[in-house]
file structure.cif (mmCIF, C-alpha atoms, pLDDT in the B column; chains and numbers go by the auth columns)
data_upload
loop_
_atom_site.group_PDB
_atom_site.id
_atom_site.type_symbol
_atom_site.label_atom_id
_atom_site.label_comp_id
_atom_site.label_asym_id
_atom_site.label_seq_id
_atom_site.Cartn_x
_atom_site.Cartn_y
_atom_site.Cartn_z
_atom_site.B_iso_or_equiv
_atom_site.auth_seq_id
_atom_site.auth_asym_id
ATOM 1 C CA MET A 1 4.531 12.295 5.442 54.00 1 G
ATOM 2 C CA SER A 2 4.437 14.617 2.507 56.00 2 G
ATOM 3 C CA THR A 3 1.260 16.336 1.508 61.00 3 G
ATOM 4 C CA VAL A 4 1.455 17.684 -2.013 67.00 4 G
ATOM 5 C CA GLU A 5 -1.150 20.291 -1.067 62.00 5 G
ATOM 6 C CA ASN A 6 1.538 22.384 0.619 64.00 6 G
ATOM 7 C CA GLY A 7 3.465 22.754 -2.640 69.00 7 G
ATOM 8 C CA THR A 8 5.807 19.796 -2.168 78.00 8 G
ATOM 9 C CA ARG A 9 6.924 18.555 -5.571 85.00 9 G
ATOM 10 C CA PHE A 10 9.850 16.336 -4.682 91.00 10 G
ATOM 11 C CA ILE A 11 9.715 13.683 -1.994 92.00 11 G
ATOM 12 C CA GLU A 12 12.915 12.055 -0.780 93.00 12 G
ATOM 13 C CA ASP A 13 12.586 8.586 0.696 95.00 13 G
ATOM 14 C CA ALA A 14 15.294 9.156 3.333 95.00 14 G
ATOM 15 C CA ASP A 15 13.287 12.048 4.834 93.00 15 G
ATOM 16 C CA LEU A 16 10.286 9.850 5.677 94.00 16 G
ATOM 17 C CA ALA A 17 9.865 7.442 8.597 95.00 17 G
ATOM 18 C CA TRP A 18 8.555 3.872 8.571 97.00 18 G
ATOM 19 C CA GLU A 19 5.720 2.979 10.935 97.00 19 G
ATOM 20 C CA GLU A 20 4.900 -0.506 12.172 97.00 20 G
ATOM 21 C CA VAL A 21 1.355 -1.526 11.272 96.00 21 G
ATOM 22 C CA ALA A 22 1.400 -5.268 12.040 96.00 22 G
ATOM 23 C CA GLU A 23 3.891 -7.961 12.921 97.00 23 G
ATOM 24 C CA GLY A 24 6.453 -7.971 10.119 98.00 24 G
ATOM 25 C CA VAL A 25 4.714 -5.133 8.249 98.00 25 G
ATOM 26 C CA THR A 26 5.833 -1.500 8.102 98.00 26 G
ATOM 27 C CA ARG A 27 4.613 1.349 5.927 98.00 27 G
ATOM 28 C CA LYS A 28 5.793 4.718 4.762 97.00 28 G
ATOM 29 C CA ILE A 29 3.360 7.310 3.414 96.00 29 G
ATOM 30 C CA MET A 30 5.229 8.859 0.519 96.00 30 G
ATOM 31 C CA ALA A 31 2.826 11.577 -0.625 94.00 31 G
ATOM 32 C CA PHE A 32 -0.851 12.462 -0.697 94.00 32 G
ATOM 33 C CA ASN A 33 -3.525 15.024 -1.378 93.00 33 G
ATOM 34 C CA ASP A 34 -7.294 14.694 -1.064 93.00 34 G
ATOM 35 C CA ASP A 35 -7.549 12.654 -4.276 95.00 35 G
ATOM 36 C CA LEU A 36 -4.467 10.437 -4.250 96.00 36 G
ATOM 37 C CA MET A 37 -2.042 8.679 -1.896 97.00 37 G
ATOM 38 C CA VAL A 38 1.144 6.664 -2.481 97.00 38 G
ATOM 39 C CA VAL A 39 2.309 4.319 0.289 98.00 39 G
ATOM 40 C CA LYS A 40 5.224 1.869 0.509 98.00 40 G
ATOM 41 C CA VAL A 41 4.509 -1.254 2.557 98.00 41 G
ATOM 42 C CA LYS A 42 7.427 -3.508 3.527 98.00 42 G
ATOM 43 C CA PHE A 43 6.738 -7.156 4.436 98.00 43 G
ATOM 44 C CA GLU A 44 8.887 -9.797 6.085 98.00 44 G
ATOM 45 C CA THR A 45 8.514 -13.404 4.894 98.00 45 G
ATOM 46 C CA GLY A 46 5.361 -14.912 6.387 98.00 46 G
ATOM 47 C CA SER A 47 3.754 -11.611 7.337 98.00 47 G
ATOM 48 C CA ILE A 48 0.150 -10.957 6.433 98.00 48 G
ATOM 49 C CA GLY A 49 -1.771 -8.043 5.012 98.00 49 G
ATOM 50 C CA THR A 50 -5.059 -9.103 6.612 97.00 50 G
ATOM 51 C CA LEU A 51 -8.144 -9.466 4.430 98.00 51 G
ATOM 52 C CA HIS A 52 -10.048 -6.181 4.475 98.00 52 G
ATOM 53 C CA GLN A 53 -12.079 -3.835 2.323 98.00 53 G
ATOM 54 C CA HIS A 54 -12.441 -0.079 1.923 98.00 54 G
ATOM 55 C CA TYR A 55 -14.212 2.366 -0.362 98.00 55 G
ATOM 56 C CA HIS A 56 -10.970 3.474 -2.031 98.00 56 G
ATOM 57 C CA SER A 57 -9.716 2.244 -5.413 98.00 57 G
ATOM 58 C CA GLN A 58 -6.306 0.622 -4.937 98.00 58 G
ATOM 59 C CA ILE A 59 -3.547 -0.331 -7.346 98.00 59 G
ATOM 60 C CA SER A 60 -0.505 -2.056 -5.861 98.00 60 G
ATOM 61 C CA HIS A 61 2.866 -2.603 -7.533 98.00 61 G
ATOM 62 C CA VAL A 62 5.089 -5.444 -6.281 98.00 62 G
ATOM 63 C CA GLN A 63 8.504 -3.876 -5.737 98.00 63 G
ATOM 64 C CA GLY A 64 10.380 -7.000 -4.742 98.00 64 G
ATOM 65 C CA GLY A 65 9.406 -10.223 -3.068 98.00 65 G
ATOM 66 C CA VAL A 66 6.664 -12.759 -3.727 98.00 66 G
ATOM 67 C CA PHE A 67 3.087 -12.357 -2.499 98.00 67 G
ATOM 68 C CA GLU A 68 -0.003 -14.523 -2.494 98.00 68 G
ATOM 69 C CA VAL A 69 -2.667 -11.944 -3.277 98.00 69 G
ATOM 70 C CA GLU A 70 -6.360 -12.573 -2.649 98.00 70 G
ATOM 71 C CA ILE A 71 -9.002 -10.345 -4.235 98.00 71 G
ATOM 72 C CA GLY A 72 -12.697 -11.166 -4.022 98.00 72 G
ATOM 73 C CA GLY A 73 -11.941 -14.790 -3.094 98.00 73 G
ATOM 74 C CA GLU A 74 -9.524 -15.348 -6.011 98.00 74 G
ATOM 75 C CA LYS A 75 -5.846 -16.000 -5.203 98.00 75 G
ATOM 76 C CA LYS A 76 -2.765 -15.485 -7.370 98.00 76 G
ATOM 77 C CA MET A 77 0.986 -15.493 -6.744 98.00 77 G
ATOM 78 C CA LEU A 78 2.617 -12.208 -7.785 98.00 78 G
ATOM 79 C CA LYS A 79 6.312 -11.304 -7.880 98.00 79 G
ATOM 80 C CA ASP A 80 8.608 -8.346 -8.443 98.00 80 G
ATOM 81 C CA GLY A 81 7.268 -6.138 -11.228 98.00 81 G
ATOM 82 C CA ASP A 82 3.666 -7.425 -11.079 98.00 82 G
ATOM 83 C CA ALA A 83 0.664 -5.385 -9.925 98.00 83 G
ATOM 84 C CA PHE A 84 -2.935 -5.830 -8.814 98.00 84 G
ATOM 85 C CA TYR A 85 -6.130 -3.780 -8.654 98.00 85 G
ATOM 86 C CA ALA A 86 -8.569 -3.944 -5.744 98.00 86 G
ATOM 87 C CA SER A 87 -11.892 -2.334 -6.641 98.00 87 G
ATOM 88 C CA PRO A 88 -13.724 -0.302 -3.993 98.00 88 G
ATOM 89 C CA ASN A 89 -15.392 -2.440 -1.297 98.00 89 G
ATOM 90 C CA VAL A 90 -13.903 -5.723 -2.553 98.00 90 G
ATOM 91 C CA VAL A 91 -12.233 -7.886 0.121 98.00 91 G
ATOM 92 C CA HIS A 92 -8.490 -8.242 -0.479 98.00 92 G
ATOM 93 C CA GLY A 93 -5.267 -9.071 1.331 98.00 93 G
ATOM 94 C CA VAL A 94 -1.808 -10.589 0.921 98.00 94 G
ATOM 95 C CA VAL A 95 0.491 -13.183 2.425 98.00 95 G
ATOM 96 C CA CYS A 96 4.182 -12.474 1.943 98.00 96 G
ATOM 97 C CA MET A 97 5.911 -15.632 0.673 98.00 97 G
ATOM 98 C CA GLU A 98 9.304 -13.949 0.155 98.00 98 G
ATOM 99 C CA ALA A 99 10.257 -10.645 1.838 98.00 99 G
ATOM 100 C CA GLY A 100 9.441 -7.640 -0.298 98.00 100 G
ATOM 101 C CA MET A 101 7.533 -4.432 -0.731 98.00 101 G
ATOM 102 C CA LEU A 102 4.254 -3.229 -2.205 98.00 102 G
ATOM 103 C CA VAL A 103 3.767 0.302 -3.478 98.00 103 G
ATOM 104 C CA ASP A 104 0.079 1.115 -2.960 98.00 104 G
ATOM 105 C CA VAL A 105 -1.786 3.905 -4.729 98.00 105 G
ATOM 106 C CA PHE A 106 -5.195 4.930 -3.379 98.00 106 G
ATOM 107 C CA ASN A 107 -7.973 7.138 -4.702 98.00 107 G
ATOM 108 C CA PRO A 108 -9.094 9.033 -2.749 98.00 108 G
ATOM 109 C CA MET A 109 -6.374 9.213 -0.111 97.00 109 G
ATOM 110 C CA ARG A 110 -6.645 6.983 2.973 97.00 110 G
ATOM 111 C CA GLU A 111 -7.537 9.424 5.735 96.00 111 G
ATOM 112 C CA ASP A 112 -7.459 6.533 8.212 95.00 112 G
ATOM 113 C CA PHE A 113 -3.691 6.224 7.603 95.00 113 G
ATOM 114 C CA LEU A 114 -3.145 9.748 8.932 92.00 114 G
ATOM 115 C CA LYS A 115 -4.543 9.058 12.429 82.00 115 G
#
call {"tool": "encode", "arguments": {"input": "structure.cif", "output": "structure tokens"}}
result
Amino acid sequence: MSTVENGTRFIEDADLAWEEVAEGVTRKIMAFNDDLMVVKVKFETGSIGTLHQHYHSQISHVQGGVFEVEIGGEKKMLKDGDAFYASPNVVHGVVCMEAGMLVDVFNPMREDFLK
């Protein structure tokens, strides 16, 4: 993990470890400070980002793969290059239809990810 509070300006992917968060789902916290966090989340085909909600604003960029994304009860298929926005406290989740990765940006940072 790289906190930008300690003066880190450049973050190299190879220096950071993946952590398993669910079956077929791993994540890597790229960088964060109190106001912002960037996280890569890698999904295997068929894996699920369970429906959930949180008080953070979230924008996610699809960096490869195909995902069925559900936000507030509405579903849409998104692919490489697409993005979605999950407003604070709105239920959202994904089903990975084709292996890929999401790059999630949170405001404020997800303190629960650091435990």
call {"tool": "resolve_selection", "arguments": {"input": "structure.cif", "expression": "the PyMOL selection byres ((chain G and resi 109) around 10)", "output": "PyMOL selection string"}}
result
chain G and resi 31-39+56-58+105-108+110-114
call {"tool": "residues_around", "arguments": {"input": "structure.cif", "residues": "Asp13 in chain G", "least_positions_apart": "5", "cutoff": "12 Å", "atoms": "all atoms listed in the file", "output": "list of chain:residue names"}}
result
G:Met1, G:Ser2, G:Trp18, G:Arg27, G:Lys28, G:Ile29, G:Met30, G:Ala31, G:Val39, G:Lys40
call {"tool": "atom_distance", "arguments": {"input": "structure.cif", "atom1": "CA of Gly46 in chain G", "atom2": "CA of Thr26 in chain G"}}
result
13.5 Å
call {"tool": "atom_distance", "arguments": {"input": "structure.cif", "atom1": "CA of Glu12 in chain G", "atom2": "CA of Asp82 in chain G"}}
result
23.9 Å
call {"tool": "atom_distance", "arguments": {"input": "structure.cif", "atom1": "CA of Val25 in chain G", "atom2": "CA of Glu70 in chain G"}}
result
17.2 Å
call {"tool": "resolve_selection", "arguments": {"input": "structure.cif", "expression": "the PyMOL selection byres ((chain G and resi 84-88) around 8)", "output": "list in words"}}
result
Gln53, His54, Tyr55, His56, Ser57, Gln58, Ile59, Ser60, His61, Ile71, Asp82, Ala83, Asn89, Val90, Val91 and His92 of chain G
call {"tool": "write_last_selection", "arguments": {"input": "structure.cif", "atoms": "C-alpha atoms", "output": "PDB file, in the frame of the given file"}}
result
ATOM      1  CA  GLN G  53     -12.079  -3.835   2.323  1.00 98.00           C
ATOM      2  CA  HIS G  54     -12.441  -0.079   1.923  1.00 98.00           C
ATOM      3  CA  TYR G  55     -14.212   2.366  -0.362  1.00 98.00           C
ATOM      4  CA  HIS G  56     -10.970   3.474  -2.031  1.00 98.00           C
ATOM      5  CA  SER G  57      -9.716   2.244  -5.413  1.00 98.00           C
ATOM      6  CA  GLN G  58      -6.306   0.622  -4.937  1.00 98.00           C
ATOM      7  CA  ILE G  59      -3.547  -0.331  -7.346  1.00 98.00           C
ATOM      8  CA  SER G  60      -0.505  -2.056  -5.861  1.00 98.00           C
ATOM      9  CA  HIS G  61       2.866  -2.603  -7.533  1.00 98.00           C
ATOM     10  CA  ILE G  71      -9.002 -10.345  -4.235  1.00 98.00           C
ATOM     11  CA  ASP G  82       3.666  -7.425 -11.079  1.00 98.00           C
ATOM     12  CA  ALA G  83       0.664  -5.385  -9.925  1.00 98.00           C
ATOM     13  CA  ASN G  89     -15.392  -2.440  -1.297  1.00 98.00           C
ATOM     14  CA  VAL G  90     -13.903  -5.723  -2.553  1.00 98.00           C
ATOM     15  CA  VAL G  91     -12.233  -7.886   0.121  1.00 98.00           C
ATOM     16  CA  HIS G  92      -8.490  -8.242  -0.479  1.00 98.00           C
TER      17      HIS G  92
END
call {"tool": "closest_residue", "arguments": {"input": "structure.cif", "among": "G:Lys79, G:His52, G:Lys115, G:Lys42", "to": "Gly100 in chain G", "atoms": "all atoms listed in the file"}}
result
G:Lys42
call {"tool": "axis_aligned_box", "arguments": {"input": "structure.cif", "around": "range 50-66 of chain G", "padding_each_side": "5 Å", "output": "JSON"}}
result
{"center_x": -1.9, "center_y": -4.6, "center_z": -0.5, "size_x": 34.6, "size_y": 26.2, "size_z": 24.1}
call {"tool": "closest_residue", "arguments": {"input": "structure.cif", "among": "G:Met101, G:Val94, G:Leu16, G:Ile48", "to": "Gly73 in chain G", "atoms": "only C-alpha atoms"}}
result
G:Val94
call {"tool": "closest_residue", "arguments": {"input": "structure.cif", "among": "G:Val21, G:Ile11, G:Val62, G:Glu98", "to": "Gly49 in chain G", "atoms": "all atoms listed in the file"}}
result
G:Val21
call {"tool": "closest_residue", "arguments": {"input": "structure.cif", "among": "G:Val66, G:Gly93, G:Lys75, G:Ala14", "to": "Thr50 in chain G", "atoms": "all atoms listed in the file"}}
result
G:Gly93
call {"tool": "closest_residue", "arguments": {"input": "structure.cif", "among": "G:Ala22, G:Gln63, G:Ala17, G:Ser47", "to": "Asp104 in chain G", "atoms": "only C-alpha atoms"}}
result
G:Gln63
call {"tool": "build_atoms", "arguments": {"input": "structure.cif", "residues": "range 6-20 of chain G", "atoms": "N, CA, C and O atoms", "output": "PDB file, keeping the file's coordinate frame"}}
result
ATOM      1  N   ASN G   6       0.746  21.258   0.125  1.00 64.00           N
ATOM      2  CA  ASN G   6       1.538  22.384   0.619  1.00 64.00           C
ATOM      3  C   ASN G   6       2.625  22.806  -0.367  1.00 64.00           C
ATOM      4  O   ASN G   6       3.535  23.540  -0.015  1.00 64.00           O
ATOM      5  N   GLY G   7       2.522  22.342  -1.613  1.00 69.00           N
ATOM      6  CA  GLY G   7       3.465  22.754  -2.640  1.00 69.00           C
ATOM      7  C   GLY G   7       4.652  21.832  -2.813  1.00 69.00           C
ATOM      8  O   GLY G   7       5.514  22.075  -3.642  1.00 69.00           O
ATOM      9  N   THR G   8       4.705  20.741  -2.042  1.00 78.00           N
ATOM     10  CA  THR G   8       5.807  19.796  -2.168  1.00 78.00           C
ATOM     11  C   THR G   8       5.751  19.139  -3.543  1.00 78.00           C
ATOM     12  O   THR G   8       4.730  18.600  -3.938  1.00 78.00           O
ATOM     13  N   ARG G   9       6.854  19.192  -4.254  1.00 85.00           N
ATOM     14  CA  ARG G   9       6.924  18.555  -5.571  1.00 85.00           C
ATOM     15  C   ARG G   9       7.879  17.379  -5.596  1.00 85.00           C
ATOM     16  O   ARG G   9       7.743  16.489  -6.420  1.00 85.00           O
ATOM     17  N   PHE G  10       8.850  17.397  -4.711  1.00 91.00           N
ATOM     18  CA  PHE G  10       9.850  16.336  -4.682  1.00 91.00           C
ATOM     19  C   PHE G  10       9.861  15.707  -3.294  1.00 91.00           C
ATOM     20  O   PHE G  10       9.957  16.417  -2.294  1.00 91.00           O
ATOM     21  N   ILE G  11       9.751  14.401  -3.262  1.00 92.00           N
ATOM     22  CA  ILE G  11       9.715  13.683  -1.994  1.00 92.00           C
ATOM     23  C   ILE G  11      10.923  12.755  -1.952  1.00 92.00           C
ATOM     24  O   ILE G  11      11.106  11.931  -2.849  1.00 92.00           O
ATOM     25  N   GLU G  12      11.738  12.901  -0.916  1.00 93.00           N
ATOM     26  CA  GLU G  12      12.915  12.055  -0.780  1.00 93.00           C
ATOM     27  C   GLU G  12      12.666  10.987   0.273  1.00 93.00           C
ATOM     28  O   GLU G  12      12.309  11.289   1.411  1.00 93.00           O
ATOM     29  N   ASP G  13      12.850   9.743  -0.139  1.00 95.00           N
ATOM     30  CA  ASP G  13      12.586   8.586   0.696  1.00 95.00           C
ATOM     31  C   ASP G  13      13.268   8.678   2.056  1.00 95.00           C
ATOM     32  O   ASP G  13      12.662   8.373   3.086  1.00 95.00           O
ATOM     33  N   ALA G  14      14.515   9.108   2.088  1.00 95.00           N
ATOM     34  CA  ALA G  14      15.294   9.156   3.333  1.00 95.00           C
ATOM     35  C   ALA G  14      14.705  10.119   4.362  1.00 95.00           C
ATOM     36  O   ALA G  14      14.974   9.991   5.557  1.00 95.00           O
ATOM     37  N   ASP G  15      13.881  11.060   3.927  1.00 93.00           N
ATOM     38  CA  ASP G  15      13.287  12.048   4.834  1.00 93.00           C
ATOM     39  C   ASP G  15      12.041  11.526   5.556  1.00 93.00           C
ATOM     40  O   ASP G  15      11.528  12.195   6.457  1.00 93.00           O
ATOM     41  N   LEU G  16      11.554  10.357   5.155  1.00 94.00           N
ATOM     42  CA  LEU G  16      10.286   9.850   5.677  1.00 94.00           C
ATOM     43  C   LEU G  16      10.505   8.627   6.565  1.00 94.00           C
ATOM     44  O   LEU G  16      11.364   7.786   6.288  1.00 94.00           O
ATOM     45  N   ALA G  17       9.716   8.531   7.619  1.00 95.00           N
ATOM     46  CA  ALA G  17       9.865   7.442   8.597  1.00 95.00           C
ATOM     47  C   ALA G  17       8.931   6.276   8.287  1.00 95.00           C
ATOM     48  O   ALA G  17       7.833   6.462   7.757  1.00 95.00           O
ATOM     49  N   TRP G  18       9.383   5.075   8.637  1.00 97.00           N
ATOM     50  CA  TRP G  18       8.555   3.872   8.571  1.00 97.00           C
ATOM     51  C   TRP G  18       7.738   3.783   9.851  1.00 97.00           C
ATOM     52  O   TRP G  18       8.207   4.173  10.915  1.00 97.00           O
ATOM     53  N   GLU G  19       6.535   3.245   9.753  1.00 97.00           N
ATOM     54  CA  GLU G  19       5.720   2.979  10.935  1.00 97.00           C
ATOM     55  C   GLU G  19       5.282   1.520  10.918  1.00 97.00           C
ATOM     56  O   GLU G  19       4.948   0.981   9.870  1.00 97.00           O
ATOM     57  N   GLU G  20       5.324   0.888  12.077  1.00 97.00           N
ATOM     58  CA  GLU G  20       4.900  -0.506  12.172  1.00 97.00           C
ATOM     59  C   GLU G  20       3.382  -0.555  12.187  1.00 97.00           C
ATOM     60  O   GLU G  20       2.734   0.160  12.953  1.00 97.00           O
TER      61      GLU G  20
END
